[in-house]
$ cat protein_12.cif   # mmCIF, C-alpha atoms
data_work
#
loop_
_atom_site.label_atom_id
_atom_site.label_comp_id
_atom_site.auth_asym_id
_atom_site.auth_seq_id
_atom_site.Cartn_x
_atom_site.Cartn_y
_atom_site.Cartn_z
CA MET P 1 22.40 -86.13 6.09
CA ILE P 2 18.85 -87.20 6.64
CA ASN P 3 17.37 -89.36 3.92
CA PHE P 4 15.31 -87.90 1.14
CA SER P 5 11.87 -89.22 2.02
CA ARG P 6 12.02 -87.74 5.50
CA ARG P 7 12.82 -84.35 3.95
CA PHE P 8 9.86 -84.75 1.62
CA PHE P 9 7.49 -85.59 4.47
CA LEU P 10 8.74 -82.63 6.50
CA ARG P 11 7.89 -80.35 3.59
CA ILE P 12 4.48 -81.96 3.10
CA PHE P 13 3.83 -81.38 6.79
CA PHE P 14 4.94 -77.75 6.47
CA PHE P 15 2.78 -76.97 3.44
CA SER P 16 -0.19 -78.83 4.93
CA SER P 17 -0.05 -76.63 8.01
CA VAL P 18 0.11 -73.54 5.79
CA TRP P 19 -2.94 -74.80 3.89
CA PHE P 20 -4.74 -75.56 7.15
CA THR P 21 -4.00 -72.04 8.40
CA LEU P 22 -5.39 -70.56 5.19
CA THR P 23 -8.57 -72.58 4.87
CA GLY P 24 -9.49 -73.63 8.39
CA VAL P 25 -11.42 -76.79 9.20
CA ASP P 26 -13.31 -77.02 5.91
CA ILE P 27 -12.86 -80.65 4.78
CA THR P 28 -13.88 -80.03 1.16
CA SER P 29 -11.02 -77.54 0.71
CA TRP P 30 -8.61 -80.49 0.73
CA VAL P 31 -9.88 -81.50 -2.72
CA VAL P 32 -7.69 -78.67 -3.92
CA GLY P 33 -5.44 -78.77 -0.88
CA VAL P 34 -3.93 -82.24 -1.31
CA PRO P 35 -2.72 -81.70 -4.91
CA ALA P 36 -1.56 -78.19 -4.01
CA VAL P 37 0.46 -79.44 -1.04
CA LEU P 38 2.03 -82.24 -3.10
CA ILE P 39 2.95 -79.93 -5.96
CA ALA P 40 4.32 -77.30 -3.58
CA SER P 41 6.46 -79.89 -1.77
CA GLY P 42 7.80 -81.27 -5.04
CA LEU P 43 8.55 -77.84 -6.45
CA SER P 44 10.23 -76.68 -3.25
CA LEU P 45 12.50 -79.72 -3.28
CA MET P 46 13.43 -78.97 -6.88
CA LEU P 47 14.02 -75.26 -6.36
CA ALA P 48 15.58 -75.46 -2.90
CA PRO P 49 17.25 -78.85 -2.54
CA PRO P 50 17.90 -79.98 1.03
CA SER P 51 21.08 -78.44 2.37
CA GLN P 52 23.51 -80.19 4.67
CA TYR P 53 22.33 -78.06 7.56
CA GLN P 54 19.75 -79.04 10.08
CA VAL P 55 17.66 -76.29 11.56
CA SER P 56 17.87 -76.34 15.33
CA LEU P 57 14.55 -75.85 17.09
CA ALA P 58 16.21 -74.31 20.14
CA GLY P 59 17.97 -71.93 17.73
CA VAL P 60 14.61 -70.91 16.27
CA PHE P 61 13.20 -70.14 19.71
CA ARG P 62 16.22 -68.00 20.54
CA PHE P 63 16.16 -66.30 17.15
CA ILE P 64 12.51 -65.15 17.25
CA PRO P 65 12.74 -62.91 20.36
CA PHE P 66 16.11 -61.57 19.20
CA PHE P 67 14.61 -60.75 15.81
CA LEU P 68 11.47 -59.13 17.26
CA ARG P 69 13.49 -57.01 19.70
CA GLN P 70 15.95 -55.87 17.03
CA SER P 71 13.30 -54.98 14.47
CA LEU P 72 11.36 -53.05 17.11
CA HIS P 73 14.57 -51.10 17.84
CA GLY P 74 15.00 -50.59 14.10
CA GLY P 75 11.48 -49.22 13.76
CA ILE P 76 11.83 -46.87 16.71
CA ASP P 77 15.22 -45.69 15.46
CA VAL P 78 13.83 -44.86 12.01
CA MET P 79 10.77 -43.18 13.55
CA ARG P 80 12.98 -40.98 15.71
CA ARG P 81 15.08 -39.91 12.74
CA ALA P 82 12.06 -39.30 10.51
CA LEU P 83 10.16 -37.20 13.02
CA SER P 84 13.04 -35.22 14.55
CA SER P 85 13.23 -31.59 13.50
CA ARG P 86 17.01 -31.88 13.22
CA GLN P 87 18.80 -33.86 10.55
CA LEU P 88 19.96 -36.98 12.40
CA LEU P 89 21.40 -38.91 9.48
CA ASP P 90 25.05 -39.76 8.96
CA PRO P 91 24.87 -42.51 6.32
CA GLY P 92 27.76 -44.52 4.98
CA LEU P 93 28.73 -47.85 3.48
CA VAL P 94 30.56 -50.59 5.35
CA SER P 95 31.65 -54.03 4.27
CA TYR P 96 31.30 -57.14 6.38
CA THR P 97 32.79 -60.57 5.77
CA THR P 98 30.64 -63.37 7.08
CA PHE P 99 31.58 -66.95 8.00
CA LEU P 100 28.07 -68.15 7.15
CA SER P 101 28.06 -70.57 4.25
CA GLU P 102 26.54 -70.11 0.85
CA GLY P 103 22.83 -70.72 0.54
CA SER P 104 19.93 -70.26 2.90
CA ALA P 105 22.06 -69.15 5.88
CA ARG P 106 23.62 -66.29 3.95
CA ILE P 107 20.33 -65.26 2.34
CA LEU P 108 18.58 -65.18 5.70
CA PHE P 109 21.52 -63.12 7.01
CA ALA P 110 21.32 -60.57 4.17
CA ASN P 111 17.57 -60.23 4.50
CA THR P 112 17.47 -59.81 8.26
CA ILE P 113 20.26 -57.20 8.22
CA SER P 114 17.72 -54.87 6.59
CA LEU P 115 15.50 -55.17 9.65
CA LEU P 116 18.20 -54.47 12.24
CA PRO P 117 18.47 -50.90 13.57
CA GLY P 118 20.06 -48.59 11.00
CA THR P 119 21.48 -51.22 8.65
CA LEU P 120 20.46 -52.35 5.17
CA SER P 121 22.16 -54.98 3.07
CA ALA P 122 22.95 -53.35 -0.24
CA GLU P 123 25.03 -56.00 -1.92
CA LEU P 124 25.96 -59.63 -1.36
CA HIS P 125 29.12 -60.84 -3.06
CA GLY P 126 30.26 -64.28 -2.02
CA ASN P 127 30.91 -63.98 1.68
CA SER P 128 31.13 -60.21 1.74
CA VAL P 129 28.06 -58.09 2.44
CA THR P 130 28.01 -54.39 1.66
CA ILE P 131 25.91 -52.66 4.27
CA HIS P 132 24.39 -49.23 4.07
CA THR P 133 23.96 -47.61 7.46
CA LEU P 134 21.81 -44.67 8.52
CA ASP P 135 24.26 -43.54 11.16
CA ARG P 136 27.92 -44.43 11.31
CA GLY P 137 27.77 -43.84 15.06
CA LEU P 138 25.51 -46.86 15.66
CA PRO P 139 26.97 -50.10 17.11
CA ILE P 140 26.70 -51.79 13.70
CA TRP P 141 29.39 -54.41 14.27
CA ALA P 142 27.92 -55.63 17.53
CA ASN P 143 24.44 -55.91 16.02
CA ILE P 144 25.59 -57.74 12.92
CA GLN P 145 27.82 -60.12 14.84
CA GLY P 146 24.90 -60.85 17.15
CA LEU P 147 22.72 -61.65 14.14
CA GLU P 148 25.43 -63.80 12.59
CA TYR P 149 25.82 -65.74 15.82
CA HIS P 150 22.07 -66.33 16.08
CA ILE P 151 21.80 -67.55 12.49
CA ALA P 152 24.81 -69.85 12.97
CA ALA P 153 23.09 -71.34 16.01
CA LEU P 154 19.86 -71.65 14.02
CA MET P 155 21.54 -73.58 11.19
CA ARG P 156 24.03 -75.40 13.44
CA ILE P 157 27.06 -73.87 11.74
CA SER P 158 30.19 -73.71 13.85
CA PRO P 159 31.64 -70.18 13.87
CA GLY P 160 35.22 -71.41 13.53
CA LYS P 161 34.76 -72.76 10.01
CA ARG P 162 35.47 -70.00 7.48
CA ASN P 163 33.92 -70.89 4.18
CA SER P 164 35.57 -68.97 1.37
CA SER P 165 33.85 -68.76 -1.99
CA MET T 1 -19.63 -52.89 11.38
CA SER T 2 -16.96 -51.48 13.64
CA TRP T 3 -16.44 -47.79 13.02
CA MET T 4 -13.21 -47.83 14.98
CA HIS T 5 -11.43 -50.16 12.57
CA THR T 6 -12.79 -48.34 9.54
CA THR T 7 -11.45 -45.08 10.99
CA PHE T 8 -8.06 -46.71 11.54
CA ALA T 9 -8.04 -47.77 7.89
CA LEU T 10 -8.89 -44.19 6.91
CA ILE T 11 -5.96 -42.91 9.00
CA LEU T 12 -3.63 -45.09 6.90
CA LEU T 13 -4.94 -43.68 3.66
CA PRO T 14 -2.95 -40.39 3.93
CA ALA T 15 0.19 -42.49 4.48
CA ILE T 16 -0.27 -43.83 0.94
CA VAL T 17 -1.50 -40.56 -0.57
CA VAL T 18 1.48 -38.60 0.79
CA GLY T 19 3.73 -41.38 -0.47
CA MET T 20 2.47 -40.61 -4.00
CA PHE T 21 4.51 -37.43 -3.75
CA ARG T 22 7.61 -39.62 -4.03
CA ILE T 23 6.32 -41.02 -7.32
CA LEU T 24 6.06 -37.49 -8.70
CA ARG T 25 9.46 -36.39 -7.45
CA GLY T 26 11.52 -39.51 -8.05
CA PRO T 27 14.30 -38.75 -8.89
CA THR T 28 15.25 -42.32 -9.86
CA ALA T 29 12.96 -45.13 -10.91
CA ALA T 30 13.95 -46.93 -7.71
CA ASP T 31 12.55 -44.11 -5.59
CA ARG T 32 9.23 -44.59 -7.36
CA MET T 33 9.44 -48.31 -6.79
CA VAL T 34 9.85 -47.78 -3.05
CA THR T 35 6.39 -46.24 -3.09
CA ALA T 36 5.08 -49.43 -4.64
CA GLN T 37 6.47 -51.19 -1.61
CA LEU T 38 4.63 -48.72 0.60
CA PHE T 39 1.44 -49.63 -1.28
CA GLY T 40 2.11 -53.26 -0.49
CA THR T 41 2.59 -52.99 3.26
CA CYS T 42 0.10 -50.19 3.87
CA GLY T 43 -2.41 -51.85 1.57
CA VAL T 44 -2.20 -55.08 3.55
CA ALA T 45 -2.71 -53.19 6.81
CA ILE T 46 -5.73 -51.32 5.39
CA LEU T 47 -7.28 -54.55 4.11
CA LEU T 48 -6.75 -56.27 7.47
CA LEU T 49 -8.35 -53.35 9.34
CA LEU T 50 -11.27 -53.19 6.89
CA GLY T 51 -11.71 -56.95 7.12
CA THR T 52 -12.20 -56.66 10.87
CA GLY T 53 -14.20 -53.43 10.58
CA MET T 54 -16.65 -54.81 8.06
CA GLY T 55 -16.68 -58.26 9.57
CA ASN T 56 -15.66 -59.77 6.26
CA PRO T 57 -12.94 -62.42 6.66
CA VAL T 58 -12.52 -62.70 2.89
CA LEU T 59 -10.54 -59.47 3.01
CA LEU T 60 -7.85 -61.38 4.97
CA ASP T 61 -7.31 -63.62 1.95
CA ILE T 62 -7.22 -60.60 -0.33
CA ALA T 63 -4.54 -59.09 1.92
CA LEU T 64 -2.52 -62.28 1.56
CA VAL T 65 -2.69 -62.15 -2.25
CA PHE T 66 -1.90 -58.44 -2.14
CA ALA T 67 1.27 -59.12 -0.15
CA LEU T 68 2.39 -61.74 -2.66
CA LEU T 69 1.69 -59.50 -5.64
CA ALA T 70 3.53 -56.53 -4.12
CA ALA T 71 6.69 -58.62 -3.85
CA LEU T 72 6.30 -59.91 -7.40
CA THR T 73 5.86 -56.36 -8.69
CA THR T 74 9.18 -55.23 -7.25
CA MET T 75 11.02 -58.30 -8.48
CA THR T 76 9.60 -57.98 -11.99
CA PHE T 77 10.48 -54.32 -12.06
CA ILE T 78 14.07 -55.00 -11.05
CA ARG T 79 14.56 -57.93 -13.40
CA ARG T 80 12.74 -56.69 -16.49
CA THR T 81 12.45 -52.93 -16.48
CA TRP T 82 15.22 -51.34 -14.53
CA HIS T 83 17.96 -53.58 -15.79
CA GLY T 84 17.00 -53.00 -19.39
CA SER T 85 17.34 -56.25 -21.27
CA GLY T 86 17.86 -58.13 -18.04
CA LYS T 87 21.64 -58.41 -18.35
CA LYS T 88 23.25 -59.49 -15.16
CA LYS T 89 26.55 -58.18 -13.88
CA HIS T 90 26.91 -60.73 -11.13
CA GLY T 91 25.83 -64.30 -11.24
CA HIS T 92 24.92 -64.81 -7.61
CA PRO T 93 21.40 -65.97 -6.79
CA ILE T 94 18.78 -63.43 -5.89
CA PRO T 95 17.64 -63.94 -2.34
CA MET I 1 -19.54 -64.58 33.41
CA VAL I 2 -18.47 -61.17 34.64
CA PRO I 3 -14.72 -61.79 35.13
CA GLU I 4 -14.41 -63.31 31.68
CA LYS I 5 -16.17 -60.35 30.12
CA LYS I 6 -13.74 -58.06 31.88
CA ASN I 7 -10.81 -60.09 30.56
CA MET I 8 -12.14 -59.82 27.04
CA ASP I 9 -12.45 -56.06 27.44
CA ILE I 10 -8.84 -55.76 28.57
CA LEU I 11 -7.70 -57.83 25.58
CA TYR I 12 -9.79 -55.73 23.23
CA HIS I 13 -8.52 -52.41 24.52
CA SER I 14 -4.87 -53.47 24.56
CA GLY I 15 -5.45 -54.58 20.97
CA THR I 16 -6.66 -51.07 20.16
CA VAL I 17 -3.54 -49.57 21.75
CA LEU I 18 -1.32 -51.88 19.69
CA ILE I 19 -3.12 -50.93 16.47
CA LEU I 20 -2.69 -47.23 17.25
CA LEU I 21 1.04 -47.80 17.86
CA GLY I 22 1.20 -49.59 14.53
CA LEU I 23 -0.49 -46.67 12.75
CA SER I 24 2.08 -44.25 14.16
CA PHE I 25 4.88 -46.41 12.73
CA PHE I 26 3.21 -46.42 9.32
CA LEU I 27 2.81 -42.65 9.34
CA SER I 28 6.43 -42.05 10.38
CA GLY I 29 7.58 -44.44 7.66
CA THR I 30 5.86 -42.22 5.11
CA VAL I 31 7.37 -39.11 6.70
CA GLY I 32 10.79 -40.74 6.29
CA LEU I 33 10.02 -41.61 2.67
CA ILE I 34 9.34 -37.95 1.99
CA ARG I 35 12.05 -36.36 4.15
CA PHE I 36 15.08 -38.64 3.76
CA PRO I 37 17.66 -37.53 1.20
CA ASP I 38 18.37 -40.56 -1.01
CA ILE I 39 17.07 -43.94 -2.15
CA TYR I 40 19.00 -45.93 0.48
CA THR I 41 17.82 -43.92 3.47
CA ARG I 42 14.26 -44.00 2.13
CA LEU I 43 14.46 -47.78 1.90
CA HIS I 44 15.52 -47.87 5.56
CA ALA I 45 12.54 -45.74 6.55
CA LEU I 46 9.99 -47.74 4.65
CA THR I 47 11.18 -51.29 5.29
CA LYS I 48 11.72 -50.96 9.01
CA ALA I 49 8.87 -48.64 10.00
CA ASP I 50 6.25 -50.38 7.90
CA ASN I 51 7.20 -53.88 8.98
CA VAL I 52 7.11 -52.94 12.64
CA GLY I 53 3.87 -51.04 12.02
CA LEU I 54 2.26 -54.06 10.39
CA GLY I 55 3.54 -56.22 13.24
CA PHE I 56 1.72 -54.03 15.76
CA VAL I 57 -1.47 -53.88 13.68
CA VAL I 58 -1.43 -57.66 13.24
CA SER I 59 -0.88 -58.37 16.93
CA GLY I 60 -3.57 -55.84 17.88
CA LEU I 61 -6.09 -57.44 15.54
CA ALA I 62 -5.06 -60.89 16.79
CA LEU I 63 -5.75 -59.86 20.40
CA GLN I 64 -9.13 -58.47 19.42
CA SER I 65 -10.15 -61.46 17.33
CA GLY I 66 -9.79 -63.86 20.27
CA SER I 67 -9.50 -66.75 17.83
CA TRP I 68 -6.45 -68.94 17.27
CA ALA I 69 -7.32 -69.58 13.63
CA VAL I 70 -7.45 -65.86 12.81
CA THR I 71 -4.27 -65.24 14.83
CA ALA I 72 -2.38 -67.90 12.88
CA LYS I 73 -3.57 -66.46 9.58
CA LEU I 74 -2.62 -62.92 10.59
CA LEU I 75 0.85 -64.07 11.65
CA LEU I 76 1.25 -65.90 8.34
CA ILE I 77 0.37 -62.71 6.47
CA TRP I 78 2.88 -60.73 8.54
CA LEU I 79 5.62 -63.29 7.95
CA LEU I 80 4.94 -63.19 4.22
CA VAL I 81 5.06 -59.40 4.09
CA LEU I 82 8.25 -59.49 6.18
CA ILE I 83 9.99 -61.85 3.77
CA ALA I 84 8.64 -60.07 0.69
CA SER I 85 9.58 -56.58 1.76
CA SER I 86 13.06 -57.42 3.06
CA ALA I 87 13.80 -59.23 -0.21
CA SER I 88 12.39 -56.34 -2.27
CA CYS I 89 14.38 -53.89 -0.19
CA HIS I 90 17.61 -55.78 -0.81
CA LEU I 91 16.86 -56.06 -4.53
CA ILE I 92 16.21 -52.34 -4.90
CA ALA I 93 19.33 -51.42 -2.93
CA ARG I 94 21.47 -53.85 -4.91
CA SER I 95 20.23 -52.54 -8.24
CA ALA I 96 20.85 -48.98 -7.11
CA MET I 97 24.42 -49.95 -6.20
CA GLN I 98 24.93 -51.61 -9.57
CA LYS I 99 23.64 -48.47 -11.28
CA ASN I 100 26.29 -46.55 -9.35
CA ILE I 101 23.83 -44.37 -7.48
CA GLN I 102 26.03 -42.86 -4.80
CA PRO I 103 24.68 -42.80 -1.23
CA TRP I 104 24.05 -39.37 0.20
CA THR I 105 26.64 -38.41 2.82
CA ARG I 106 26.71 -35.70 5.38
#
$ encode --input "protein_12.cif" --output "C-alpha cells"
Amino acid sequence: MINFSRRFFLRIFFFSSVWFTLTGVDITSWVVGVPAVLIASGLSLMLAPPSQYQVSLAGVFRFIPFFLRQSLHGGIDVMRRALSSRQLLDPGLVSYTTFLSEGSARILFANTISLLPGTLSAELHGNSVTIHTLDRGLPIWANIQGLEYHIAALMRISPGKRNSS
Amino acid sequence: MSWMHTTFALILLPAIVVGMFRILRGPTAADRMVTAQLFGTCGVAILLLLGTGMGNPVLLDIALVFALLAALTTMTFIRRTWHGSGKKKHGHPIP
Amino acid sequence: MVPEKKNMDILYHSGTVLILLGLSFFLSGTVGLIRFPDIYTRLHALTKADNVGLGFVVSGLALQSGSWAVTAKLLLIWLLVLIASSASCHLIARSAMQKNIQPWTR
C-alpha cells in the first residue's frame, strides 16, 4: 500500500496532463486549470478510493496492442455480418465466472468485453458475467480468457486467487 | 477550407439519418436509445472532420463536450426514465 | 526541402485512406443497426463498428494534422468516447436483461 499523499500527487499529475492536453501551452488557462485539477483530484479520491492494486506499466503496454487488435477484429466481424447478404447471426447467452476482484479490474473487464469480437457484457453479478454473443461458433472462451489474463497482468492480480463475493 | 474533409462529414450524415429509422421503428425504448448512442459517436466524428475541414480547432472542444453529453444522456435515460421510479433490482455499482 | 515535402504528402494521403476506412465502419454500423434482429445484436453493431470507425478517423486526422498537441487531444477524445460508449452499451444491455427482453435466437 502506497501512502496517501503519493496517490494524491499521482492524480494531480494525471489531471494536469489532461488539462494540458485540452488547453495547450496557454499559461493564463491555468487560472482555471489549477483549481479544476485540485477539485478533480479530490473528487476522484472520494469517489474512487485507492485500491490495493498497483497498475503495472509493462501490463499497460501489453494491454494496448492487444486491445487495439481485438477491437479491430470486433469491428471487422460486425461489418462482415452487417453487410453480408446472408444472415450470419447465431446469437446466444453464455455465463463466465471471473477470478478478477471486485472494483476497477472487474469493471474494466466488463467494459472491454463489449469491444471484443462478437461478445457483449449484458450483466455483471458478483464474479459472474453474462455475455451475449453474436455467434456461438466464435472462440469466445479463448478471447475472454485472453482479456482476463491481460487485465490481471495490468492490475498485478495473480490468477490463482479466486475471490468469491 | 478543405472540401475533402467537409465531404467526408457529409458522407457520415446519412449514417445518422438512416439511423433515425430505428427511432421510428423501435420496438423498445432501448432500441431508440441505441440511436442516441449513434448520434454521439457519429456526431463526434462529424465535428472532428468539420473542425479540420473548416480549420476551426474550437470544434474539437465541442466534440469533446458532445462525447461527454452523449454518455450522460444514456445514463440518465437508464436511471430515470426506463426504470420508472429508479428502483433497483440489484445493488451492484454501475460501471 | 523536397524530401520532407514528399514525406508530408505520404502522411497526408495515408491519413485520407484511414479516414475513408473509418467512414466505411460507421456506415456498416448503421447498416447493422437497421438490419440486425434485436436490441442486443444492434448494440454489438453500433458499439464495435462505431468505435473502430472513430479510431480510424481519429488516427487519420492525427496523421494529417502533423502536430503532437492535436494528436494528443484527438486520442483523448477517442478514449473518452470509447469509455462512454462501452459503459452505455453495458447499461442498455443490462437494463434490457432486467426487463426480460429475450435475445433473438436462430
$ atom_distance --input "protein_12.cif" --atom1 "atom CA of P:Ile151" --atom2 "atom CA of I:Cys89"
20.1 Å
$ interface_residues --input "protein_12.cif" --of "chain P" --to "chain I" --cutoff "6 Å" --atoms "all atoms listed in the file" --output "list of chain:residue names"
P:Thr21, P:Gly75, P:Val78, P:Met79, P:Ala82, P:Asp90, P:Pro91, P:Asn111, P:Leu115, P:Ala122, P:Glu123
$ interface_residues --input "protein_12.cif" --of "chain P" --to "chain T" --cutoff "12 Å" --atoms "all atoms listed in the file" --output "list in words"
Thr21, Leu22, Thr23, Gly24, Leu47, Ala48, Glu102, Gly103, Ser104, Ala105, Arg106, Ile107, Leu108, Phe109, Ala110, Asn111, Thr112, Ser121, Glu123, Leu124, His125, Gly126, Asn127 and Ser165 of chain P
$ residues_near_point --input "protein_12.cif" --point "(18.0, -58.5, 15.1)" --cutoff "10 Å" --atoms "only C-alpha atoms" --output "list in words"
Phe63, Ile64, Pro65, Phe66, Phe67, Leu68, Arg69, Gln70, Ser71, Leu72, His73, Gly74, Phe109, Thr112, Ile113, Ser114, Leu115, Leu116, Pro117, Asn143, Ile144, Gln145, Gly146, Leu147, Glu148 and His150 of chain P
$ closest_residue --input "protein_12.cif" --among "T:Thr76, T:Thr6, T:Thr81, T:Thr41" --to "chain I" --atoms "all atoms listed in the file"
T:Thr41
$ closest_residue --input "protein_12.cif" --among "T:Asp31, T:Val65, T:Leu10, T:Arg25" --to "chain I" --atoms "only C-alpha atoms"
T:Asp31
$ atom_distance --input "protein_12.cif" --atom1 "atom CA of I:His13" --atom2 "atom CA of T:Phe39"
27.8 Å
$ resolve_selection --input "protein_12.cif" --expression "the PyMOL selection byres ((chain P and resi 96) around 6)" --output "PyMOL selection string"
chain P and resi 95+97+128-129
$ atom_distance --input "protein_12.cif" --atom1 "atom CA of I:Ala62" --atom2 "atom CA of P:Ile12"
26.9 Å
$ closest_residue --input "protein_12.cif" --among "I:Leu63, I:Leu21, I:Ile10, I:Leu80" --to "chain T" --atoms "all atoms listed in the file"
I:Leu80
$ resolve_selection --input "protein_12.cif" --expression "the PyMOL selection byres ((chain T) within 7 of (chain I))" --output "PyMOL selection string"
chain T and resi 12+15+19+22+30-31+34+38+41+45+64+67+71+74-75+95
$ residues_near_point --input "protein_12.cif" --point "(-0.5, -81.0, 0.2)" --cutoff "12 Å" --atoms "only C-alpha atoms" --output "number ranges by chain"
P: 8-20, 29-43
$ axis_aligned_box --input "protein_12.cif" --around "stretch 42-55 of chain T" --padding-each-side "3 Å" --output "JSON"
{"center_x": -8.3, "center_y": -54.2, "center_z": 6.2, "size_x": 22.8, "size_y": 14.1, "size_z": 15.3}
$ residues_around --input "protein_12.cif" --residues "stretch 47-58 of chain T" --least-positions-apart "5" --cutoff "6 Å" --atoms "only C-alpha atoms" --output "VMD selection string"
chain T and resid 1 to 2 5 to 6 9 63
